[in-house]
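A.B. asks: One structure is given below, represented as structure tokens, and several questions about it will come after.
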Amino acid sequence: MKTERKLVLALKAMMEKYPLEEISVTQLTNKCHVNRQTFYYHFHDIYDLLNLLFLDEKIENIEHVKNPKEMVICIFNYYEGNAAFIDATIKSAAKDLFGEFIFNTCYQCFTRFVESVELSKKVDKNHKKNIVRYYSSAFTSLIMTYLETTKNKTIKGLISCFDFLSEGEVARSVQVLVQKEL
């Protein structure tokens, strides 16, 4: 196993037990049986390592979701499988790294959702990106707020954050743009 991967897995495991700010490079390298210079050869600091972790992290089945509700369910399932680690990240100075991870996940999904709307072929590429950014930002904000502020997190609770949205919301956004461009 590559050294970088060992360090990533060790950090994730340690964050399930300790706050990020209490984990030292020495503790991390001891756990991986590598020296400190090896760590600093690969990473500037622990936040740099955490950044790599989120760049490599994948949410199971996210590439198969067909609508925003399924996306939220997949994200919540990922949270449940990694709750201690994610909660530790959210409570740390690195919470923005998790936020970026969620945003990028939403961005990829909403790009697919917009492209799946037949009328999207008639919409300018920049307008499509605006729709994707809008929904990705909104969903990321609500997901992050829910995970940061809710004590007893449930899939039903997270989904209820989006109750104000109606089915086909993304398609309607594309349709509005098509009508304006005609």
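Following the order of the structure tokens, chains are lettered A, B, ..., residues in each are numbered from 1, and ligands are numbered from 1.
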Excluding Leu9 of chain A and residues on its chain fewer than 3 positions from it, collect all residues at most 12 Å away from it, counting only C-alpha atoms, and give them as a ChimeraX atom specification.

C.D. replies: /A:1-6,12-16,28-29,31-32,49-50,52-54,56-57,85

A.B. asks: Near Leu55 of chain A, counting only C-alpha atoms, which residues have an atom at most 10 Å away, once you skip same-chain residues fewer than 6 positions from it, shown as an NGL selection string?

C.D. replies: :A and (49 or 97-98 or 100-101 or 104)

A.B. asks: Would you list the contacts of segment 165-181 of chain A as number ranges by chain, taking every protein, DNA or RNA residue within 7 Å and counting only C-alpha atoms, but skipping same-chain residues closer than 4 positions in sequence?

C.D. replies: A: 114, 117, 119-120, 122-123

A.B. asks: For those residues, write N, CA and C atoms to a file as a PDB file, in the first residue's frame.

C.D. replies:
```pdb
ATOM      1  N   VAL A 114     -29.319  18.190 -15.324  1.00  0.00           N
ATOM      2  CA  VAL A 114     -29.614  19.215 -16.335  1.00  0.00           C
ATOM      3  C   VAL A 114     -29.441  18.630 -17.735  1.00  0.00           C
ATOM      4  N   VAL A 117     -32.309  16.592 -19.213  1.00  0.00           N
ATOM      5  CA  VAL A 117     -33.526  17.278 -19.646  1.00  0.00           C
ATOM      6  C   VAL A 117     -33.407  17.523 -21.149  1.00  0.00           C
ATOM      7  N   LEU A 119     -34.798  19.447 -23.259  1.00  0.00           N
ATOM      8  CA  LEU A 119     -34.712  20.854 -23.680  1.00  0.00           C
ATOM      9  C   LEU A 119     -33.346  21.490 -23.419  1.00  0.00           C
ATOM     10  N   SER A 120     -32.517  20.851 -22.606  1.00  0.00           N
ATOM     11  CA  SER A 120     -31.225  21.457 -22.253  1.00  0.00           C
ATOM     12  C   SER A 120     -30.320  21.631 -23.468  1.00  0.00           C
ATOM     13  N   LYS A 122     -31.066  23.051 -26.037  1.00  0.00           N
ATOM     14  CA  LYS A 122     -31.361  24.381 -26.587  1.00  0.00           C
ATOM     15  C   LYS A 122     -30.836  25.511 -25.702  1.00  0.00           C
ATOM     16  N   VAL A 123     -30.225  25.164 -24.576  1.00  0.00           N
ATOM     17  CA  VAL A 123     -29.775  26.166 -23.604  1.00  0.00           C
ATOM     18  C   VAL A 123     -28.268  26.366 -23.724  1.00  0.00           C
TER      19      VAL A 123
END
```

A.B. asks: Extract the full set of alpha helix (DSSP H) residues from segment 102-161 of chain A according to DSSP on the backbone, and format it as a PyMOL selection string.

C.D. replies: chain A and resi 102-115+125-149+155-160

A.B. asks: Per residue of segment 13-84 of chain A within 10 Å of segment 144-148 of chain A, note the shortest atom pair and the distance in Å to one decimal, counting only C-alpha atoms, and order the rows by chain and increasing residue number, as JSON lines.

C.D. replies:
```
{"residue": "A:Phe76", "atom": "CA", "partner": "A:Leu147", "partner_atom": "CA", "distance": 9.4}
{"residue": "A:Tyr79", "atom": "CA", "partner": "A:Leu147", "partner_atom": "CA", "distance": 8.8}
{"residue": "A:Ala83", "atom": "CA", "partner": "A:Leu147", "partner_atom": "CA", "distance": 9.6}
```

A.B. asks: Can you write just those residues out, C-alpha atoms, as an mmCIF file, in the first residue's frame?

C.D. replies:
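File part-v2.cif, as written:
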```
data_model
loop_
_atom_site.group_PDB
_atom_site.id
_atom_site.type_symbol
_atom_site.label_atom_id
_atom_site.label_comp_id
_atom_site.auth_asym_id
_atom_site.auth_seq_id
_atom_site.Cartn_x
_atom_site.Cartn_y
_atom_site.Cartn_z
ATOM 1 C CA PHE A 76 -26.806 10.732 3.843
ATOM 2 C CA TYR A 79 -22.583 10.317 6.131
ATOM 3 C CA ALA A 83 -20.409 9.820 10.813
#
```

A.B. asks: Name the closest residue to Asn82 of chain A among the candidates A:Lys17, A:Asn35, A:Ile159, A:Cys109; distances are taken between atoms, counting only C-alpha atoms.

C.D. replies: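 Using only C-alpha atoms, the shortest distance to Asn82 of chain A belongs to A:Lys17.
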
A.B. asks: Which of these, A:Asn67, A:Thr89, A:Ser141, A:Thr38, has the shortest distance to Gln108 of chain A once you count only C-alpha atoms?

C.D. replies: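 Using only C-alpha atoms, the shortest distance to Gln108 of chain A belongs to A:Asn67.
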
A.B. asks: Please measure the separation of atom CA of Thr140 of chain A and atom CA of Tyr18 of chain A, giving the value in Å to one decimal.

C.D. replies: 25.3 Å

A.B. asks: From the options A:Ile59, A:Cys161, A:Asn130, A:Gln37, which residue's atoms come nearest to Glu80 of chain A, counting only C-alpha atoms?

C.D. replies: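 Checking each candidate against Glu80 of chain A, we get A:Ile59 as the closest.
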
A.B. asks: To one decimal place in Å, what is the distance between atom CA of Met71 of chain A and atom CA of Thr154 of chain A?

C.D. replies: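 Pair atom CA of Met71 of chain A / atom CA of Thr154 of chain A returns 15.0 Å.
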
A.B. asks: What's the separation between atom CA of Glu115 of chain A and atom CA of Ile102 of chain A, in Å to one decimal place?

C.D. replies: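 Going from atom CA of Glu115 of chain A over to atom CA of Ile102 of chain A, I get 19.9 Å.
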
A.B. asks: Do you know which residues are at most 12 Å from Thr149 of chain A counting only C-alpha atoms, after dropping those on the same chain fewer than 6 positions away, and could you put them as a list in words?

C.D. replies: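 The neighbour list is Asp87, Ile90, Lys91, Ser141, Leu142, Ile143, Gly157 and Leu158 of chain A.
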
A.B. asks: Pull N, CA, C and O atoms from the residues just selected and write them as a short mmCIF file (atom, residue, chain, number, x, y, z; two decimals), in the first residue's frame.

C.D. replies:
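Dumped to result-v5.cif:
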```cif
data_model
loop_
_atom_site.label_atom_id
_atom_site.label_comp_id
_atom_site.auth_asym_id
_atom_site.auth_seq_id
_atom_site.Cartn_x
_atom_site.Cartn_y
_atom_site.Cartn_z
N ASP A 87 -18.27 14.16 11.35
CA ASP A 87 -18.56 15.07 12.46
C ASP A 87 -17.28 15.72 12.97
O ASP A 87 -17.26 16.92 13.27
N ILE A 90 -16.33 18.37 10.42
CA ILE A 90 -17.23 19.53 10.49
C ILE A 90 -16.90 20.41 11.70
O ILE A 90 -17.02 21.62 11.64
N LYS A 91 -16.46 19.78 12.80
CA LYS A 91 -16.14 20.53 14.01
C LYS A 91 -14.73 21.12 13.98
O LYS A 91 -14.32 21.78 14.94
N SER A 141 -25.41 23.94 0.99
CA SER A 141 -25.68 24.78 2.16
C SER A 141 -26.66 24.11 3.11
O SER A 141 -26.43 24.05 4.33
N LEU A 142 -27.75 23.58 2.58
CA LEU A 142 -28.74 22.93 3.44
C LEU A 142 -28.20 21.64 4.06
O LEU A 142 -28.44 21.36 5.23
N ILE A 143 -27.46 20.86 3.28
CA ILE A 143 -26.88 19.62 3.81
C ILE A 143 -25.89 19.93 4.93
O ILE A 143 -25.93 19.32 6.00
N GLY A 157 -35.11 13.46 8.28
CA GLY A 157 -34.85 14.84 8.68
C GLY A 157 -34.12 15.61 7.60
O GLY A 157 -34.46 16.76 7.31
N LEU A 158 -33.12 14.98 6.98
CA LEU A 158 -32.39 15.67 5.92
C LEU A 158 -33.28 15.89 4.71
O LEU A 158 -33.30 16.99 4.15
#
```

A.B. asks: Give me the residues within 7 Å of Val132 of chain A as number ranges by chain, counting only C-alpha atoms and dropping any in the same chain fewer than 4 places off.

C.D. replies: A: 107, 110-111, 128, 136
